[in-house]
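Here is data-v8.txt, consisting of compact mmCIF, C-alpha atoms:
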```txt
# COMPACT_ATOMS: atom_id res chain seq x y z
CA MET A 479 -113.78 53.43 2.92
CA LYS A 480 -111.23 55.46 4.71
CA GLU A 481 -110.80 52.90 7.46
CA ASN A 482 -110.47 50.14 4.91
CA ARG A 483 -107.68 51.93 3.19
CA HIS A 484 -105.99 52.48 6.52
CA GLU A 485 -106.13 48.79 7.27
CA GLU A 486 -104.78 47.99 3.87
CA MET A 487 -101.82 50.23 4.50
CA GLN A 488 -101.17 48.58 7.83
CA ASN A 489 -101.27 45.16 6.22
CA LYS A 490 -98.83 46.30 3.60
CA GLU A 491 -96.46 47.55 6.27
CA LEU A 492 -96.68 44.25 8.07
CA VAL A 493 -95.90 42.33 4.91
CA GLU A 494 -92.94 44.61 4.22
CA LYS A 495 -91.72 44.16 7.78
CA GLU A 496 -91.83 40.40 7.44
CA ASP A 497 -89.86 40.65 4.23
CA LYS A 498 -87.25 42.76 5.92
CA GLN A 499 -86.91 40.46 8.89
CA LYS A 500 -85.01 37.87 6.94
CA ILE A 501 -81.94 38.48 9.04
CA THR A 502 -82.09 36.47 12.21
CA ARG A 503 -80.81 37.71 15.53
CA ARG A 504 -77.93 35.21 15.29
CA GLN A 505 -76.97 36.43 11.82
CA PHE A 506 -77.13 40.05 12.90
CA LEU A 507 -74.84 39.35 15.83
CA SER A 508 -72.36 37.37 13.78
CA TYR A 509 -72.25 40.10 11.11
CA THR A 510 -71.66 42.67 13.81
CA ILE A 511 -68.87 40.63 15.34
CA MET A 512 -67.30 40.03 11.92
CA GLY A 513 -67.54 43.73 11.12
CA VAL A 514 -66.02 44.86 14.39
CA SER A 515 -63.23 42.30 14.32
CA GLY A 516 -62.55 43.13 10.67
CA PHE A 517 -62.26 46.77 11.61
CA MET A 518 -59.90 45.96 14.48
CA ALA A 519 -57.75 43.71 12.30
CA ALA A 520 -57.58 46.38 9.59
CA ALA A 521 -56.69 49.09 12.10
CA THR A 522 -53.92 46.87 13.45
CA LEU A 523 -52.53 45.66 10.15
CA MET A 524 -52.89 48.76 7.98
CA PRO A 525 -50.08 50.77 9.64
CA MET A 526 -47.81 47.73 9.61
CA LEU A 527 -48.38 47.00 5.93
CA ARG A 528 -47.89 50.65 4.96
CA PHE A 529 -44.71 50.59 7.08
CA ALA A 530 -43.46 47.53 5.22
CA VAL A 531 -44.20 48.74 1.68
CA ASP A 532 -42.69 52.18 2.31
CA PRO A 533 -39.56 51.56 0.18
CA VAL A 534 -41.75 50.69 -2.79
CA LEU A 535 -43.68 53.93 -2.52
CA LYS A 536 -40.69 56.19 -1.91
CA THR A 537 -39.42 58.06 -4.94
CA SER A 538 -35.72 57.43 -5.31
CA ALA A 539 -33.42 60.45 -5.25
CA ALA A 540 -31.44 59.24 -8.27
CA GLY A 541 -31.86 62.51 -10.14
CA ASP A 542 -28.79 64.24 -8.75
CA MET A 543 -25.88 65.06 -11.04
CA ILE A 544 -22.40 64.56 -9.64
CA ALA A 545 -19.33 66.65 -10.52
CA THR A 546 -16.54 64.43 -11.86
CA GLY A 547 -13.56 66.76 -11.77
CA ILE A 548 -12.95 66.24 -15.50
CA LYS A 549 -12.80 69.39 -17.58
CA GLU A 550 -14.91 69.55 -20.73
CA SER A 551 -11.77 70.46 -22.67
CA ASP A 552 -10.02 67.27 -21.52
CA ILE A 553 -12.55 65.01 -23.16
CA THR A 554 -11.13 63.59 -26.40
CA SER A 555 -12.36 61.09 -28.91
CA GLU A 556 -10.38 58.42 -27.04
CA PRO A 557 -12.48 56.84 -24.20
CA GLN A 558 -11.00 57.61 -20.81
CA ARG A 559 -11.86 56.09 -17.48
CA VAL A 560 -13.57 58.62 -15.19
CA THR A 561 -14.34 57.80 -11.57
CA PHE A 562 -16.56 59.96 -9.45
CA ALA A 563 -17.83 59.59 -5.88
CA PHE A 564 -20.90 60.65 -3.98
CA LYS A 565 -22.63 60.11 -0.66
CA GLN A 566 -25.22 57.37 -0.78
CA GLU A 567 -27.98 57.24 1.83
CA ASP A 568 -29.21 53.72 2.40
CA GLY A 569 -31.77 53.91 5.18
CA TRP A 570 -29.74 54.48 8.33
CA TYR A 571 -26.43 53.88 6.56
CA THR A 572 -24.59 56.64 4.72
CA SER A 573 -21.53 55.77 2.71
CA GLU A 574 -19.23 57.07 0.01
CA VAL A 575 -19.88 55.26 -3.25
CA SER A 576 -17.76 55.55 -6.37
CA GLN A 577 -18.85 54.98 -9.95
CA THR A 578 -16.81 54.56 -13.10
CA ALA A 579 -17.62 55.75 -16.61
CA TRP A 580 -15.92 55.56 -19.99
CA VAL A 581 -16.11 59.09 -21.37
CA TYR A 582 -15.30 60.33 -24.87
CA ARG A 583 -16.56 62.60 -27.62
CA ASP A 584 -18.17 60.89 -30.60
CA ASP A 585 -17.80 61.94 -34.24
CA ASN A 586 -20.58 64.54 -33.92
CA GLY A 587 -18.83 66.12 -30.94
CA GLU A 588 -21.44 64.71 -28.51
CA ILE A 589 -20.15 63.51 -25.15
CA VAL A 590 -20.76 59.82 -24.41
CA ALA A 591 -20.46 58.36 -20.88
CA LEU A 592 -20.74 54.58 -20.85
CA SER A 593 -21.15 52.32 -17.86
CA PRO A 594 -18.32 49.79 -17.61
CA VAL A 595 -20.64 47.06 -16.34
CA CYS A 596 -20.91 44.26 -18.88
CA LYS A 597 -24.51 43.44 -19.87
CA HIS A 598 -23.72 39.74 -19.79
CA LEU A 599 -22.98 38.98 -16.15
CA GLY A 600 -21.80 42.29 -14.71
CA CYS A 601 -18.00 42.19 -14.98
CA ASN A 602 -16.17 45.41 -15.82
CA VAL A 603 -15.26 46.04 -19.45
CA ASP A 604 -12.03 47.71 -20.48
CA TRP A 605 -11.16 49.82 -23.54
CA ASN A 606 -8.86 48.42 -26.15
CA THR A 607 -7.26 45.71 -23.99
CA ASN A 608 -7.75 42.81 -26.39
CA PRO A 609 -4.99 42.98 -29.04
CA ASN A 610 -7.17 41.01 -31.47
CA GLU A 611 -10.08 43.44 -31.17
CA PRO A 612 -8.71 46.97 -31.44
CA ASN A 613 -10.89 49.96 -30.54
CA ARG A 614 -13.54 47.88 -28.86
CA PHE A 615 -14.67 47.46 -25.22
CA PHE A 616 -13.60 44.05 -24.04
CA CYS A 617 -14.93 42.03 -21.13
CA PRO A 618 -12.34 39.57 -19.84
CA CYS A 619 -14.81 37.28 -18.11
CA HIS A 620 -16.43 35.70 -21.17
CA ASP A 621 -14.85 37.60 -24.05
CA GLY A 622 -17.76 40.00 -24.44
CA LEU A 623 -17.22 42.78 -26.98
CA TYR A 624 -18.78 46.19 -27.57
CA GLU A 625 -18.23 48.78 -30.26
CA LYS A 626 -17.00 52.20 -29.24
CA ASP A 627 -20.58 53.52 -29.00
CA GLY A 628 -21.46 50.73 -26.55
CA THR A 629 -23.35 48.50 -28.99
CA ASN A 630 -22.74 44.86 -28.25
CA VAL A 631 -20.97 42.85 -30.93
CA PRO A 632 -23.25 40.05 -32.19
CA GLY A 633 -21.91 36.58 -31.50
CA THR A 634 -20.42 37.55 -28.12
CA PRO A 635 -22.20 36.90 -24.81
CA PRO A 636 -23.70 40.39 -24.03
CA ARG A 637 -27.35 40.71 -24.95
CA GLY A 638 -27.56 44.50 -25.11
CA PRO A 639 -25.60 47.74 -25.41
CA LEU A 640 -23.73 49.22 -22.44
CA ASP A 641 -25.75 51.51 -20.16
CA ARG A 642 -25.17 55.26 -20.40
CA TYR A 643 -24.87 58.00 -17.81
CA ASP A 644 -26.72 61.26 -18.31
CA TYR A 645 -24.25 64.12 -18.52
CA GLU A 646 -24.23 67.84 -18.06
CA ILE A 647 -21.58 70.51 -18.49
CA LYS A 648 -21.52 73.17 -15.80
CA ASP A 649 -18.75 75.79 -15.63
CA GLY A 650 -16.64 73.70 -17.98
CA ILE A 651 -16.82 70.66 -15.70
CA LEU A 652 -18.41 67.31 -16.58
CA TYR A 653 -21.29 66.22 -14.37
CA LEU A 654 -22.64 62.66 -14.53
CA SER A 655 -25.82 61.07 -13.16
CA MET A 656 -25.49 58.81 -10.10
CA ARG A 657 -26.66 55.73 -11.98
CA PRO A 658 -26.36 54.76 -15.63
CA LYS A 659 -29.55 54.13 -17.59
CA PRO A 660 -30.13 51.24 -19.96
CA VAL A 661 -30.14 52.24 -23.61
CA GLY A 662 -33.31 51.29 -25.42
CA GLY A 663 -33.10 49.28 -28.61
CA VAL A 664 -32.96 45.74 -29.71
CA MET B 839 -67.55 32.62 -2.33
CA LEU B 840 -65.86 31.95 1.01
CA ASN B 841 -68.59 29.50 1.96
CA LYS B 842 -67.98 27.57 -1.23
CA LEU B 843 -64.26 27.50 -0.61
CA TYR B 844 -64.88 26.30 2.93
CA ASP B 845 -67.25 23.61 1.72
CA TRP B 846 -64.77 22.52 -0.92
CA ILE B 847 -62.06 22.03 1.68
CA ASP B 848 -64.43 20.59 4.28
CA GLU B 849 -65.74 18.01 1.83
CA ARG B 850 -62.23 16.68 1.33
CA VAL B 851 -60.52 17.20 4.68
CA ASP B 852 -63.46 17.30 7.12
CA ILE B 853 -62.29 20.31 9.11
CA THR B 854 -65.59 21.15 10.78
CA PRO B 855 -65.02 18.89 13.81
CA LEU B 856 -61.60 20.47 14.33
CA TRP B 857 -63.07 23.94 14.08
CA ARG B 858 -65.86 22.96 16.51
CA ASP B 859 -63.32 21.70 19.04
CA LEU B 860 -61.35 24.88 18.75
CA ALA B 861 -63.89 27.64 18.69
CA ASP B 862 -67.49 26.54 18.77
CA HIS B 863 -68.34 26.22 22.44
CA GLU B 864 -70.90 27.85 24.65
CA VAL B 865 -70.03 30.71 26.94
CA PRO B 866 -71.53 29.94 30.38
CA GLU B 867 -73.92 32.57 31.70
CA HIS B 868 -71.71 33.62 34.61
CA VAL B 869 -68.90 34.47 32.14
CA ASN B 870 -71.10 36.51 29.81
CA PRO B 871 -71.04 40.28 30.44
CA ALA B 872 -74.44 40.51 28.72
CA HIS B 873 -75.94 38.68 31.72
CA HIS B 874 -73.79 39.99 34.53
CA PHE B 875 -71.81 43.07 33.72
CA SER B 876 -69.22 42.19 36.35
CA ALA B 877 -68.26 39.26 34.11
CA PHE B 878 -66.03 41.64 32.17
CA VAL B 879 -63.25 40.46 34.47
CA TYR B 880 -63.20 37.28 32.39
CA CYS B 881 -62.01 39.31 29.40
CA PHE B 882 -58.51 40.01 30.66
CA GLY B 883 -57.02 36.71 29.53
CA GLY B 884 -58.36 37.16 26.02
CA LEU B 885 -57.20 40.77 25.98
CA THR B 886 -53.71 39.65 26.98
CA PHE B 887 -53.70 37.25 24.06
CA PHE B 888 -54.96 39.98 21.72
CA VAL B 889 -52.14 42.29 22.79
CA VAL B 890 -49.62 39.46 22.41
CA VAL B 891 -50.79 38.98 18.82
CA ILE B 892 -50.25 42.70 18.21
CA GLN B 893 -46.79 42.45 19.78
CA VAL B 894 -45.83 39.55 17.54
CA LEU B 895 -47.09 41.27 14.39
CA SER B 896 -45.58 44.69 15.10
CA GLY B 897 -42.33 43.00 16.16
CA MET B 898 -42.13 41.10 12.88
CA PHE B 899 -42.52 44.33 10.96
CA LEU B 900 -40.05 46.26 13.11
CA ALA B 901 -37.46 43.57 12.39
CA MET B 902 -37.56 44.67 8.74
CA TYR B 903 -35.69 47.83 9.68
CA TYR B 904 -33.96 47.10 12.98
CA VAL B 905 -30.29 46.09 13.24
CA PRO B 906 -29.01 44.43 16.43
CA ASP B 907 -25.62 46.10 16.41
CA ILE B 908 -24.38 48.69 18.90
CA GLU B 909 -23.24 51.09 16.21
CA ARG B 910 -26.39 50.90 14.12
CA ALA B 911 -29.25 49.92 16.43
CA TRP B 912 -30.11 53.45 17.53
CA ASP B 913 -29.74 54.86 14.00
CA SER B 914 -31.92 52.15 12.50
CA ILE B 915 -34.66 52.82 15.05
CA TYR B 916 -34.38 56.56 14.47
CA HIS B 917 -34.71 55.88 10.75
CA LEU B 918 -37.72 53.62 11.04
CA GLN B 919 -39.43 55.98 13.45
CA TYR B 920 -38.91 59.26 11.61
CA ASN B 921 -38.24 58.40 7.95
CA VAL B 922 -40.52 55.44 7.31
CA ALA B 923 -44.27 55.89 6.90
CA TYR B 924 -46.20 54.87 10.03
CA GLY B 925 -42.93 54.11 11.78
CA LYS B 926 -44.04 56.01 14.86
CA ILE B 927 -47.29 54.05 14.95
CA VAL B 928 -45.76 50.61 14.49
CA ARG B 929 -43.00 51.23 17.01
CA GLY B 930 -45.56 52.87 19.29
CA MET B 931 -47.75 49.77 19.13
CA HIS B 932 -44.81 47.59 20.17
CA HIS B 933 -43.64 50.01 22.84
CA TRP B 934 -47.00 50.66 24.52
CA GLY B 935 -48.31 47.19 23.78
CA ALA B 936 -45.49 45.77 25.88
CA SER B 937 -46.80 47.62 28.93
CA VAL B 938 -50.45 46.93 28.15
CA ALA B 939 -49.73 43.21 27.82
CA ILE B 940 -48.15 43.13 31.29
CA VAL B 941 -51.06 45.10 32.79
CA MET B 942 -53.70 42.87 31.19
CA MET B 943 -51.85 39.75 32.26
CA PHE B 944 -51.64 41.08 35.81
CA LEU B 945 -55.38 41.80 35.90
CA HIS B 946 -56.04 38.29 34.53
CA THR B 947 -53.83 36.86 37.28
CA LEU B 948 -55.68 38.87 39.95
CA ARG B 949 -59.06 37.61 38.66
CA VAL B 950 -57.93 34.00 38.74
CA PHE B 951 -56.41 34.46 42.16
CA PHE B 952 -59.32 36.22 43.86
CA GLN B 953 -61.92 33.91 42.34
CA GLY B 954 -59.90 30.94 43.47
CA ALA B 955 -60.06 29.65 39.91
CA TYR B 956 -56.60 28.14 40.27
CA LYS B 957 -57.84 25.47 42.72
CA LYS B 958 -58.17 21.80 41.92
CA PRO B 959 -58.35 20.63 39.15
CA ARG B 960 -56.75 23.73 37.60
CA GLU B 961 -53.48 23.92 39.51
CA LEU B 962 -51.49 22.87 36.44
CA ASN B 963 -52.87 25.72 34.39
CA TRP B 964 -51.99 28.15 37.16
CA ILE B 965 -48.42 26.89 37.02
CA VAL B 966 -48.30 27.26 33.23
CA GLY B 967 -49.79 30.75 33.67
CA VAL B 968 -47.02 31.74 36.06
CA MET B 969 -44.49 30.49 33.52
CA ILE B 970 -46.16 32.66 30.86
CA PHE B 971 -45.98 35.57 33.29
CA LEU B 972 -42.22 35.09 33.72
CA THR B 973 -41.71 34.67 29.97
CA MET B 974 -43.56 37.91 29.28
CA LEU B 975 -41.51 39.77 31.89
CA ALA B 976 -38.35 38.40 30.28
CA LEU B 977 -39.59 39.56 26.88
CA GLY B 978 -40.10 43.03 28.30
CA LEU B 979 -36.66 43.00 29.87
CA THR B 980 -34.76 41.81 26.80
CA GLY B 981 -36.69 44.15 24.50
CA TYR B 982 -35.75 47.10 26.67
CA LEU B 983 -32.10 46.90 25.64
CA LEU B 984 -32.66 46.79 21.90
CA PRO B 985 -32.92 50.55 21.13
CA TRP B 986 -29.43 50.87 22.64
CA ASP B 987 -30.01 54.26 24.19
CA MET B 988 -28.69 55.40 27.55
CA LYS B 989 -31.76 54.23 29.44
CA ALA B 990 -31.53 50.78 27.86
CA LEU B 991 -27.82 50.45 28.59
CA PHE B 992 -27.99 51.45 32.24
CA ALA B 993 -31.14 49.46 32.91
CA THR B 994 -29.42 46.41 31.50
CA ASN B 995 -26.35 47.08 33.63
CA VAL B 996 -28.61 46.98 36.67
CA THR B 997 -30.22 43.75 35.46
CA LEU B 998 -26.87 42.11 34.91
CA ASN B 999 -25.67 43.24 38.36
CA ILE B 1000 -28.74 41.66 39.92
CA ILE B 1001 -28.11 38.44 38.03
CA GLU B 1002 -24.47 38.49 39.12
CA SER B 1003 -25.60 38.54 42.75
CA VAL B 1004 -27.18 35.09 42.40
CA PRO B 1005 -25.36 32.79 44.87
CA LEU B 1006 -22.66 30.48 43.47
CA ILE B 1007 -23.54 30.67 39.76
CA GLY B 1008 -24.00 34.43 39.57
CA GLU B 1009 -20.87 35.26 37.61
CA PRO B 1010 -21.10 32.56 34.94
CA LEU B 1011 -24.80 33.38 34.61
CA ARG B 1012 -24.01 37.02 33.93
CA THR B 1013 -21.40 36.03 31.35
CA LEU B 1014 -23.84 33.64 29.71
CA LEU B 1015 -26.45 36.36 29.36
CA ALA B 1016 -24.19 39.32 28.55
CA GLY B 1017 -21.64 37.47 26.42
CA ASP B 1018 -18.82 38.98 28.49
CA SER B 1019 -17.90 38.97 32.17
CA VAL B 1020 -17.59 42.76 32.47
CA ILE B 1021 -18.71 44.53 29.30
CA THR B 1022 -22.31 45.34 28.49
CA GLY B 1023 -21.81 45.74 24.77
CA ALA B 1024 -21.95 44.32 21.29
CA GLN B 1025 -22.27 40.71 22.40
CA THR B 1026 -24.90 41.59 24.98
CA LEU B 1027 -27.05 43.26 22.36
CA THR B 1028 -26.98 40.34 19.92
CA ARG B 1029 -27.73 37.90 22.72
CA PHE B 1030 -30.66 39.92 24.02
CA PHE B 1031 -31.90 40.28 20.46
CA ALA B 1032 -31.80 36.54 19.83
CA ILE B 1033 -33.48 35.82 23.15
CA HIS B 1034 -36.13 38.49 22.57
CA VAL B 1035 -36.94 37.57 18.98
CA PHE B 1036 -36.44 33.80 18.79
CA PHE B 1037 -36.09 31.96 22.10
CA LEU B 1038 -38.71 33.63 24.26
CA PRO B 1039 -41.45 33.87 21.59
CA ALA B 1040 -41.01 30.16 20.85
CA LEU B 1041 -41.33 29.39 24.55
CA LEU B 1042 -44.31 31.74 24.83
CA PHE B 1043 -46.18 30.07 21.95
CA LEU B 1044 -45.61 26.67 23.50
CA LEU B 1045 -46.84 27.79 26.92
CA ILE B 1046 -49.85 29.65 25.52
CA GLY B 1047 -50.72 26.54 23.52
CA ILE B 1048 -50.69 24.44 26.71
CA HIS B 1049 -52.61 27.15 28.57
CA PHE B 1050 -55.39 27.16 25.97
CA PHE B 1051 -55.45 23.39 25.63
CA LEU B 1052 -56.00 23.05 29.37
CA ILE B 1053 -58.79 25.64 29.37
CA ARG B 1054 -60.63 23.77 26.62
CA ARG B 1055 -60.00 20.48 28.37
CA GLN B 1056 -61.17 21.58 31.81
CA GLY B 1057 -63.60 24.36 30.95
CA ILE B 1058 -63.92 27.69 32.69
CA SER B 1059 -64.28 27.51 36.47
CA GLY B 1060 -67.85 27.70 37.77
CA PRO B 1061 -69.61 30.75 39.25
CA LEU B 1062 -68.63 32.00 42.69
```
Give the structure from this file in structure tokens form.
Amino acid sequence: MKENRHEEMQNKELVEKEDKQKITRRQFLSYTIMGVSGFMAAATLMPMLRFAVDPVLKTSAAGDMIATGIKESDITSEPQRVTFAFKQEDGWYTSEVSQTAWVYRDDNGEIVALSPVCKHLGCNVDWNTNPNEPNRFFCPCHDGLYEKDGTNVPGTPPRGPLDRYDYEIKDGILYLSMRPKPVGGV
Amino acid sequence: MLNKLYDWIDERVDITPLWRDLADHEVPEHVNPAHHFSAFVYCFGGLTFFVVVIQVLSGMFLAMYYVPDIERAWDSIYHLQYNVAYGKIVRGMHHWGASVAIVMMFLHTLRVFFQGAYKKPRELNWIVGVMIFLTMLALGLTGYLLPWDMKALFATNVTLNIIESVPLIGEPLRTLLAGDSVITGAQTLTRFFAIHVFFLPALLFLLIGIHFFLIRRQGISGPL
């Protein structure tokens, strides 16, 4: 009995072995070669791809606030053009960049800093320069119009309100963000 | 999945014969290190090609950050090496790969020479091989200037002085290569860049194509 069972076990093992031997020598070799060459290709390409996508993965340093040299007390309800400059690092190139904002105090006493870049095609808007449209921002390129709070006037080319800078008052001086942010809404 | 895609294309375009011509051929016993370990000497040509592929790839990626201008070249390389992820690795691959490629190519040349594999009917391929050798040396030489550091500048001065000493046409040849008859400067850098990145690689691909075509046509030389 015991021997019989032993034989049975051996037979079973043989059957299992045959089942497992479905991979031929040729297949094994080609899988090995594919695996090794895949590993080598990955090891070669991975650093290069990571190198190339680096700008996408870098967090931009846009959070800095820049002093404008305008005193808080000088800000009136009339929009005034404020230019401010900062150092911009663009890879290996560092340069002085200047930005412009239209700054005023709204009816609630809140400070508003609007980007002058027209939301139509990127020309610069001006305050109150169109005699037919008093107290509005006017874009000379295609007659775009914005209300004082930056909302675009329906029926003129712009498709959204003017972007706004974040602001901050420190020691009585106005600080603005490096880049304006789009205003949400319609 | 891939098999199905292959079959789909093969059914329409019949690419299997092309693929067979290109890659599916037997490796003779005397070339197979599994039979005779000393056959590893036959690997050097393939290794040279492998390193060349790495050079081309890493070079393409380096060009994303590099500027061929004397005021910015060094800064751009500093930036890509220290501020960009894996910059050291990618530049390192190109830097060390340049030397490894020359070494592998030299070993390949020695093998062909000492086995007499260049003899009839393979003289033509030997000639093409020598042209590849010169092209690779020229790639190394022109690439050396691109970082625009002191070593690069003075090494290139030496190169240009050597070229200037060529009889009769030395001076115009120097001007042609450097972009100026005396200055090694802005125009030299852009010229070397163009030669390194466009002209020589194009020539190299052509020559390597001929080299491989001739190998497939004539087969590997027989055992010693």
Just need the residues of chain B within 9 Å of chain A, counting all atoms listed in the file, so spit them out as a PyMOL selection string.
chain B and resi 892+895-896+899-900+902-903+910+913-918+921-925+927-928+931
Take the residues that were just selected and, keeping C-alpha atoms, output them as a short mmCIF file (atom, residue, chain, number, x, y, z; two decimals), in the frame of the given file.
```cif
data_model
loop_
_atom_site.label_atom_id
_atom_site.label_comp_id
_atom_site.auth_asym_id
_atom_site.auth_seq_id
_atom_site.Cartn_x
_atom_site.Cartn_y
_atom_site.Cartn_z
CA ILE B 892 -50.25 42.70 18.21
CA LEU B 895 -47.09 41.27 14.39
CA SER B 896 -45.58 44.69 15.10
CA PHE B 899 -42.52 44.33 10.96
CA LEU B 900 -40.05 46.26 13.11
CA MET B 902 -37.56 44.67 8.74
CA TYR B 903 -35.69 47.83 9.68
CA ARG B 910 -26.39 50.90 14.12
CA ASP B 913 -29.74 54.86 14.00
CA SER B 914 -31.92 52.15 12.50
CA ILE B 915 -34.66 52.82 15.05
CA TYR B 916 -34.38 56.56 14.47
CA HIS B 917 -34.71 55.88 10.75
CA LEU B 918 -37.72 53.62 11.04
CA ASN B 921 -38.24 58.40 7.95
CA VAL B 922 -40.52 55.44 7.31
CA ALA B 923 -44.27 55.89 6.90
CA TYR B 924 -46.20 54.87 10.03
CA GLY B 925 -42.93 54.11 11.78
CA ILE B 927 -47.29 54.05 14.95
CA VAL B 928 -45.76 50.61 14.49
CA MET B 931 -47.75 49.77 19.13
#
```
Show me the residues around (-61.9, 28.9, 32.4) - criterion: an atom at most 9 Å away, all atoms listed in the file counted - as JSON, numbers by chain.
{"B": [869, 880, 955, 960, 1052, 1053, 1054, 1056, 1057, 1058, 1059, 1060]}
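What separates CA of Pro594 (chain A) from CA of Leu654 (chain A) is a distance of 13.9 Å.
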Report the distance between CA of Glu864 (chain B) and CA of Ala521 (chain A) in Å, rounded to one decimal place.
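Those two atoms sit 28.5 Å apart.
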Please report as CSV every residue of region 561-610 of chain A lying within 8 Å of region 624-641 of chain A, along with the nearest atom pair and their distance in Å (one decimal), using all atoms listed in the file.
```
residue,atom,partner,partner_atom,distance
A:Asp584,CA,A:Asp627,CA,7.9
A:Val590,CA,A:Asp627,CA,7.8
A:Leu592,CA,A:Asp641,CA,5.9
A:Ser593,CA,A:Asp641,CA,5.2
A:Pro594,CA,A:Leu640,CA,7.3
A:Val595,CA,A:Leu640,CA,7.2
A:Cys596,CA,A:Leu640,CA,6.7
A:Lys597,CA,A:Pro636,CA,5.2
A:His598,CA,A:Pro636,CA,4.3
```
Save the residues we just selected, C-alpha atoms, as a short mmCIF file (atom, residue, chain, number, x, y, z; two decimals), keeping the file's coordinate frame?
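What landed in selection09.cif:
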```
data_model
loop_
_atom_site.label_atom_id
_atom_site.label_comp_id
_atom_site.auth_asym_id
_atom_site.auth_seq_id
_atom_site.Cartn_x
_atom_site.Cartn_y
_atom_site.Cartn_z
CA ASP A 584 -18.17 60.89 -30.60
CA VAL A 590 -20.76 59.82 -24.41
CA LEU A 592 -20.74 54.58 -20.85
CA SER A 593 -21.15 52.32 -17.86
CA PRO A 594 -18.32 49.79 -17.61
CA VAL A 595 -20.64 47.06 -16.34
CA CYS A 596 -20.91 44.26 -18.88
CA LYS A 597 -24.51 43.44 -19.87
CA HIS A 598 -23.72 39.74 -19.79
#
```
I'd like the interatomic distance between CA of Leu991 (chain B) and CA of Thr1028 (chain B), to a tenth of an Å.
13.3 Å
Hey, which of A:Ile647, A:Leu652, A:Val581, A:Ile544 ends up closest to Gln566 (chain A)? Count only C-alpha atoms.
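Ranking A:Ile647, A:Leu652, A:Val581, A:Ile544 by distance to Gln566 (chain A), first place goes to A:Ile544.
Among the candidate residues A:Ala563, A:Ile589, A:Ile553, A:Cys619, the one lying nearest to Cys601 (chain A) is A:Cys619, with distances computed using all atoms listed in the file.
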